[in-house]
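Here the structure is laid out as structure tokens; the discussion comes afterwards.
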Amino acid sequence: MEFLRNTWYCAGWGADLGQDDLIDRTILKESVLLYRKQNGLAVAIGNRCPHRFAPLSSGCKKGDNVACPYHGLTFGPSGECVLNPHGDGTTPKAARVTRYPLVERYDALWIWMGDPELADADEIPDFSESSLREGWGHIRGHLEVPVHYELLTDNLLDLSHVPYLHPFLSAQGPQPDGFREERELKQDGNTVWSMHRNLNTVTTPLFRLLWEDAPEVIEGYFDMRWTAPSNLLLRAGISAMDGRREDGARIPMAHLLTPATETHTHYFWCQARNRKGADRAIDQELKAGIDHVFRDEDEAMLIKCQALMGTTDLMSLRPVLLHGDAPAMRARRILAAQIDAEAKLGT
Amino acid sequence: MEFLRNTWYCAGWGADLGQDDLIDRTILKESVLLYRKQNGLAVAIGNRCPHRFAPLSSGCKKGDNVACPYHGLTFGPSGECVLNPHGDGTTPKAARVTRYPLVERYDALWIWMGDPELADADEIPDFSESSLREGWGHIRGHLEVPVHYELLTDNLLDLSHVPYLHPFLSAQGPQPDGFREERELKQDGNTVWSMHRNLNTVTTPLFRLLWEDAPEVIEGYFDMRWTAPSNLLLRAGISAMDGRREDGARIPMAHLLTPATETHTHYFWCQARNRKGADRAIDQELKAGIDHVFRDEDEAMLIKCQALMGTTDLMSLRPVLLHGDAPAMRARRILAAQIDAEAKLGT
Amino acid sequence: MEFLRNTWYCAGWGADLGQDDLIDRTILKESVLLYRKQNGLAVAIGNRCPHRFAPLSSGCKKGDNVACPYHGLTFGPSGECVLNPHGDGTTPKAARVTRYPLVERYDALWIWMGDPELADADEIPDFSESSLREGWGHIRGHLEVPVHYELLTDNLLDLSHVPYLHPFLSAQGPQPDGFREERELKQDGNTVWSMHRNLNTVTTPLFRLLWEDAPEVIEGYFDMRWTAPSNLLLRAGISAMDGRREDGARIPMAHLLTPATETHTHYFWCQARNRKGADRAIDQELKAGIDHVFRDEDEAMLIKCQALMGTTDLMSLRPVLLHGDAPAMRARRILAAQIDAEAKLGT
Ligand code: FES
Ligand code: FES
Ligand code: FES
């Protein structure tokens, strides 16, 4: 199973890459070095020295360049060797590492693992909704999950698992009269929306925390947007049944999934909120809650599923399809077609 | 190397499966769920939900059925999906898991991993000798051993290793005049007996514990019965040279070996005894002794052998054959022929 | 990738094999048993019993022989079975283990993994310089390094890595006027010399320890000799610029690399010294220093390189070649040709 290469993946949160850091991150099975130039601009180059394959991330920053820890070959942000301290100092032609286009946007570092000529920053999906903004709260995290990334996509696009796997995220007690669920699958080009709306439902403890005087009976919405290969935006919130969303409580989230390998995935998430943005105690509480739900419930379950699957290729097992699978199947088909098209392009 | 499928394996001790338990056990590389119906009857079905492959063992018992922990599909003792909580609630045809015939007998749960049509409980080998009975003592255990199951069969059918590997199980000091060993290999259909008799030998400390006033000079017998695929009964005890076995000390044992995978084996054992049956301190002492002998001596040695073999297929290494190997070789040949016959039946 | 077999490898230091020891050591993926006969002569035979593949190293020495721990087959120094305690006691023809020619010389046990007929002790390379001698100090050690052995050869033959990886082994502060480096590659038959000389350089702290009143400005030399497959002698020391080497400080070292598997290497090292030979505190200090440099700097780096290589075959990755690589490339070519010639011989 190949990965889509001519696309943007999240390589990390910008705030996690300090001015003096050399961070190595495995993306699509390649070891990538992330660092910042002296002017603060983040760059990404191959982490594997072409001489004896030492990791540049264990070396030293020298201005805008990085010196290999083993014999000191020094590479610049373009991936070219800029210094050979040995012999007559000429740099062998082959002494270069890959340069990966990198763009910092919506708090994240977006990396392009394919042909650099094709990299177009305008194709980075819009995550302005979930990014840092004046007056809103914001928390974020990074997990390494030992499962195939599409199992995480499936999980996020089919929220029908919430009542089973996440009891505390669900409404406690019976639903009021007039309660109604609406589910909708929308496709807009290659963007898939998995929309969930609960009408005349009760406020859950999570939202009560943010909006203490929320009405008893409200509308809840959880609209998940998928774009290839595996970047998801969750538009989530509650509002008064006859109210506007912007007057309610809103917690837009980004779920950015980046394959490290076929069996390991970087999971970068962030969550903004329009209420109690300055409350650090709520930051803590929400972050602890999200870590619990991801780590102890979703990840724990997906690890078990992956183990029982015994393969990373879900479709080869001919899974039974349920009603809630439609959005994830749509996303899988779009991605498979794109990977297929890319493979043909390559030949 | 294939496993024999149309046969009975021990899936566990009945007493270890409580009324509220959901136990998953890997047998012949399949993940099996064991539980009891409301009427107490033990059943076995596939543990892997056909939707997204979550383990039903992490789910919830609902009466006679089990609900999947991930999205709530619910399966009955026949393996069929009895509830789909999503969409219009129809259950997809393919939504079923395997049903495995299961019979509780001789304290054990016997599972049939092959064609259910062929399952015949009369073929379960007779372990009444080693099972719980009025007035006798009884202890039992369950080990997971990281070696191929036939290495364990070999070990049990060739007790010539006892003086080398288990010094404390052997006679201490010199044998009395008239000491004589008798070894016999018997085959009765597909049943193999490996008989060991020591005549005019001394009572070992183990038997002295059970029979304090045993005569100094006795007959010891260790008759191991093998039936395919890997269920063994050890008829062991001592008696006065001119006495009857039922007047001596008897410790019949079952050794039930069930392959989890090619490299891991469930080892279920139990031991009855006709003397001091109500003595709980002796229960403890015997159990500790058996654990020591299995874990620290047999298992430790077999793990080293398996590592040096570098394969799970002993015969491909063309082992040197010694006198004591005859029963194990007989058993290996019978089992290989049965596996072979089954493979032909399948094609 | 095959190993060279008709050659001498170091199996261990003689002093580490006591009179009562049974040591198992994996060499070229074979499990070898090392022990001493009653007359003290060290021998090597296959460690894997041909009956059920138990490790003889877990058995018992019986005079010049070794009894298997599982069923007691007993093997002599020639590898032949000398005792079968079972049945009528005849020893099956196939009951033998490999005999490996073994010679104890230069404090080391040299083993021949190929055709015993071809073993010629005169081909053991001369390590008298680095071995125990009257009036000199001597320390030695044994590391197990989880990388392919040729990565260690490369490391030792290209000392240009020292200033980058081993800052404390390098000159502190600026070099004096007249400082000059000389590098030379010499090949003498199948022996490769990688010579490093630093003229008009300063005494490093390491040598100051041995030679307190060394001149400020000295000549340092580090001449590494390689012989196939991977046994290296380092002639290292400092002397006055106009002085004789024997009047300076000398620390000849042996680096004997023996492949355990493709991914694991035994690294046997020893270091002699002509000054302060009786000083046990200096023994400790030097040994701690060497352990630190090997473990925390060389090994740590090579493990990272091996992981990033994702293969044990360096050349298949087409590494960039730098000036300092010439000796290691020469050695790799000689070894590859010898392995190739041996393969042809075998067919
Ligand atoms: S490995 Fe990077 S310079 Fe040698
Ligand atoms: S995985 Fe079992 S219901 Fe979805
Ligand atoms: S394994 Fe060595 S004698 Fe049986």
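Convention: chains lettered A, B, ... in structure tokens order; per-chain residue numbering from 1; ligands numbered from 1 as shown.
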
*May I ask you to extract the residues of chain B within 9 Å of chain A, using only C-alpha atoms, and to give them as number ranges by chain?*
B: 30-31, 47-55, 58, 68-72, 84, 86-88, 91-95

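Taking every C-alpha atom in order, chain B superposes onto chain C with an RMSD of 0.1 Å.
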
*Which residues, written as a PyMOL selection string, have at least one atom at most 9 Å from Gly277 (chain B), with only C-alpha atoms counted and residues fewer than 3 positions away on the same chain left out?*
chain B and resi 135-138+272-274+280+282-283

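From CA of Leu34 (chain A) back to CA of Leu22 (chain A), the distance works out to 5.9 Å.
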
*Mind checking DSSP for region 16-190 of chain A and telling me the helix (DSSP H, G or I) residues as a VMD selection string?*
chain A and resid 16 56 to 58 116 to 118 121 to 123 128 to 130 149 to 157 159 to 165 167 to 169

For the residues selected in the previous step, produce a file with C-alpha atoms as a PDB file, in the first residue's frame.
```pdb
ATOM      1  CA  ASP A  16       6.858  22.879  19.227  1.00  0.00           C
ATOM      2  CA  LEU A  56      21.713  15.148  11.188  1.00  0.00           C
ATOM      3  CA  SER A  57      19.305  15.696  14.086  1.00  0.00           C
ATOM      4  CA  SER A  58      22.108  14.539  16.393  1.00  0.00           C
ATOM      5  CA  PRO A 116       8.760  19.855  -4.929  1.00  0.00           C
ATOM      6  CA  GLU A 117       7.874  21.387  -8.302  1.00  0.00           C
ATOM      7  CA  LEU A 118       4.247  20.540  -7.682  1.00  0.00           C
ATOM      8  CA  ALA A 121       0.705  26.272  -0.677  1.00  0.00           C
ATOM      9  CA  ASP A 122      -2.775  27.242  -1.864  1.00  0.00           C
ATOM     10  CA  GLU A 123      -3.715  23.589  -1.610  1.00  0.00           C
ATOM     11  CA  SER A 128      -8.366  28.978  10.218  1.00  0.00           C
ATOM     12  CA  GLU A 129     -11.468  27.992  12.223  1.00  0.00           C
ATOM     13  CA  SER A 130      -9.518  25.833  14.638  1.00  0.00           C
ATOM     14  CA  TYR A 149      -3.687   6.143   9.728  1.00  0.00           C
ATOM     15  CA  GLU A 150      -6.871   5.185   7.894  1.00  0.00           C
ATOM     16  CA  LEU A 151      -8.192   3.425  11.001  1.00  0.00           C
ATOM     17  CA  LEU A 152      -8.030   6.837  12.672  1.00  0.00           C
ATOM     18  CA  THR A 153      -9.794   8.452   9.734  1.00  0.00           C
ATOM     19  CA  ASP A 154     -12.527   5.816   9.949  1.00  0.00           C
ATOM     20  CA  ASN A 155     -12.889   6.466  13.647  1.00  0.00           C
ATOM     21  CA  LEU A 156     -13.262  10.221  13.186  1.00  0.00           C
ATOM     22  CA  LEU A 157     -15.674  10.043  10.250  1.00  0.00           C
ATOM     23  CA  LEU A 159     -19.117   9.235  15.241  1.00  0.00           C
ATOM     24  CA  SER A 160     -21.709   6.511  15.775  1.00  0.00           C
ATOM     25  CA  HIS A 161     -19.075   4.910  18.019  1.00  0.00           C
ATOM     26  CA  VAL A 162     -19.327   7.723  20.572  1.00  0.00           C
ATOM     27  CA  PRO A 163     -22.126   6.287  22.765  1.00  0.00           C
ATOM     28  CA  TYR A 164     -20.337   2.905  22.915  1.00  0.00           C
ATOM     29  CA  LEU A 165     -16.735   3.957  23.335  1.00  0.00           C
ATOM     30  CA  PRO A 167     -19.870   7.114  27.594  1.00  0.00           C
ATOM     31  CA  PHE A 168     -18.898  10.383  29.269  1.00  0.00           C
ATOM     32  CA  LEU A 169     -19.089  12.368  26.031  1.00  0.00           C
TER      33      LEU A 169
END
```

*Nearest to ligand 3 among C:Arg235, C:Arg96, C:His196, C:Lys276, with distances taken over only C-alpha atoms and all ligand atoms: which residue is it?*
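Among the listed residues, the smallest separation from ligand 3 belongs to C:Arg96.
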
*Which one is closest to Leu335 (chain B): B:Val192, B:Ala281, B:Leu109, B:Ile139? Count only C-alpha atoms.*
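Looking only at the distances to Leu335 (chain B), the closest residue turns out to be B:Val192.
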
*Please provide the set of residues having any atom within 10 Å of Ile218 (chain B), restricted to only C-alpha atoms, with same-chain residues fewer than 3 positions apart removed, written as a list of chain:residue names.*
B:Phe179, B:Asn198, B:Leu199, B:Asn200, B:Thr201, B:Val202, B:Thr203, B:Thr204, B:Ala214, B:Pro215, B:Tyr221, B:Ile238, B:Ser239, B:Ala240, B:Met241, B:Asp242, B:Gly243, B:Gly248

Quick one: write out the picked residues with N, CA, C and O atoms as an mmCIF file, in the first residue's frame?
```
data_model
loop_
_atom_site.group_PDB
_atom_site.id
_atom_site.type_symbol
_atom_site.label_atom_id
_atom_site.label_comp_id
_atom_site.auth_asym_id
_atom_site.auth_seq_id
_atom_site.Cartn_x
_atom_site.Cartn_y
_atom_site.Cartn_z
ATOM 1 N N PHE B 179 16.652 -53.740 41.821
ATOM 2 C CA PHE B 179 16.062 -52.626 41.069
ATOM 3 C C PHE B 179 16.026 -52.961 39.583
ATOM 4 O O PHE B 179 16.976 -53.509 39.029
ATOM 5 N N ASN B 198 9.334 -48.740 37.393
ATOM 6 C CA ASN B 198 10.566 -48.970 38.154
ATOM 7 C C ASN B 198 10.233 -49.958 39.264
ATOM 8 O O ASN B 198 9.430 -49.665 40.157
ATOM 9 N N LEU B 199 10.836 -51.139 39.203
ATOM 10 C CA LEU B 199 10.538 -52.181 40.182
ATOM 11 C C LEU B 199 11.632 -52.216 41.234
ATOM 12 O O LEU B 199 12.812 -51.978 40.936
ATOM 13 N N ASN B 200 11.230 -52.519 42.453
ATOM 14 C CA ASN B 200 12.200 -52.530 43.559
ATOM 15 C C ASN B 200 12.983 -51.230 43.643
ATOM 16 O O ASN B 200 14.197 -51.212 43.736
ATOM 17 N N THR B 201 12.240 -50.131 43.574
ATOM 18 C CA THR B 201 12.900 -48.827 43.702
ATOM 19 C C THR B 201 12.521 -48.209 45.049
ATOM 20 O O THR B 201 11.735 -48.789 45.812
ATOM 21 N N VAL B 202 13.109 -47.059 45.340
ATOM 22 C CA VAL B 202 12.830 -46.414 46.632
ATOM 23 C C VAL B 202 11.754 -45.347 46.461
ATOM 24 O O VAL B 202 11.573 -44.791 45.387
ATOM 25 N N THR B 203 11.045 -45.095 47.529
ATOM 26 C CA THR B 203 10.026 -44.046 47.519
ATOM 27 C C THR B 203 10.695 -42.677 47.438
ATOM 28 O O THR B 203 11.624 -42.397 48.194
ATOM 29 N N THR B 204 10.217 -41.832 46.500
ATOM 30 C CA THR B 204 10.783 -40.480 46.398
ATOM 31 C C THR B 204 10.094 -39.560 47.403
ATOM 32 O O THR B 204 9.004 -39.848 47.887
ATOM 33 N N ALA B 214 4.575 -45.465 53.524
ATOM 34 C CA ALA B 214 4.810 -46.307 52.350
ATOM 35 C C ALA B 214 5.995 -47.209 52.633
ATOM 36 O O ALA B 214 6.906 -46.834 53.375
ATOM 37 N N PRO B 215 5.982 -48.412 52.045
ATOM 38 C CA PRO B 215 7.150 -49.283 52.215
ATOM 39 C C PRO B 215 8.399 -48.631 51.639
ATOM 40 O O PRO B 215 8.307 -47.759 50.768
ATOM 41 N N TYR B 221 5.206 -46.299 38.872
ATOM 42 C CA TYR B 221 4.774 -46.386 37.466
ATOM 43 C C TYR B 221 4.400 -44.995 36.960
ATOM 44 O O TYR B 221 3.854 -44.160 37.695
ATOM 45 N N ILE B 238 2.747 -44.985 43.041
ATOM 46 C CA ILE B 238 3.590 -46.049 43.579
ATOM 47 C C ILE B 238 2.697 -47.039 44.312
ATOM 48 O O ILE B 238 1.599 -46.692 44.774
ATOM 49 N N SER B 239 3.184 -48.268 44.393
ATOM 50 C CA SER B 239 2.447 -49.262 45.184
ATOM 51 C C SER B 239 3.458 -50.221 45.809
ATOM 52 O O SER B 239 4.614 -50.273 45.373
ATOM 53 N N ALA B 240 3.003 -50.932 46.820
ATOM 54 C CA ALA B 240 3.860 -51.973 47.395
ATOM 55 C C ALA B 240 4.163 -53.002 46.308
ATOM 56 O O ALA B 240 3.358 -53.221 45.399
ATOM 57 N N MET B 241 5.375 -53.612 46.368
ATOM 58 C CA MET B 241 5.796 -54.526 45.298
ATOM 59 C C MET B 241 4.767 -55.625 45.054
ATOM 60 O O MET B 241 4.535 -56.044 43.935
ATOM 61 N N ASP B 242 4.152 -56.082 46.146
ATOM 62 C CA ASP B 242 3.159 -57.138 45.971
ATOM 63 C C ASP B 242 1.747 -56.605 46.196
ATOM 64 O O ASP B 242 0.813 -57.353 46.434
ATOM 65 N N GLY B 243 1.601 -55.267 46.132
ATOM 66 C CA GLY B 243 0.310 -54.664 46.460
ATOM 67 C C GLY B 243 -0.488 -54.268 45.234
ATOM 68 O O GLY B 243 -0.026 -54.398 44.103
ATOM 69 N N GLY B 248 -2.032 -48.085 46.912
ATOM 70 C CA GLY B 248 -0.829 -47.242 46.974
ATOM 71 C C GLY B 248 -1.184 -45.771 46.914
ATOM 72 O O GLY B 248 -2.267 -45.360 47.326
#
```

*Hey, can you check how far CA of Asp313 (chain A) sits from CA of Thr90 (chain B)?*
26.6 Å

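Within 10 Å of Ala15 (chain A), once only C-alpha atoms are used and residues closer than 3 positions along the same chain are dropped, the contacting residues are Gly12, Gly18, Gln19, Asp107, Ala108 and Leu109 of chain A.
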
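Between CA of Phe207 (chain B) and CA of Ala249 (chain B) lies a distance of 7.0 Å.
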
*For Ser131 (chain B), which residue among B:Lys37, B:His255, B:Arg208, B:Lys62 is the nearest when counting only C-alpha atoms?*
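Using only C-alpha atoms, Ser131 (chain B) sits closest to B:His255.
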
*asked:* Can you pull out every residue from region 261-292 of chain C that DSSP, working from the backbone, puts in strand (DSSP E), and format the result as a ChimeraX atom specification?
replied: /C:265-273
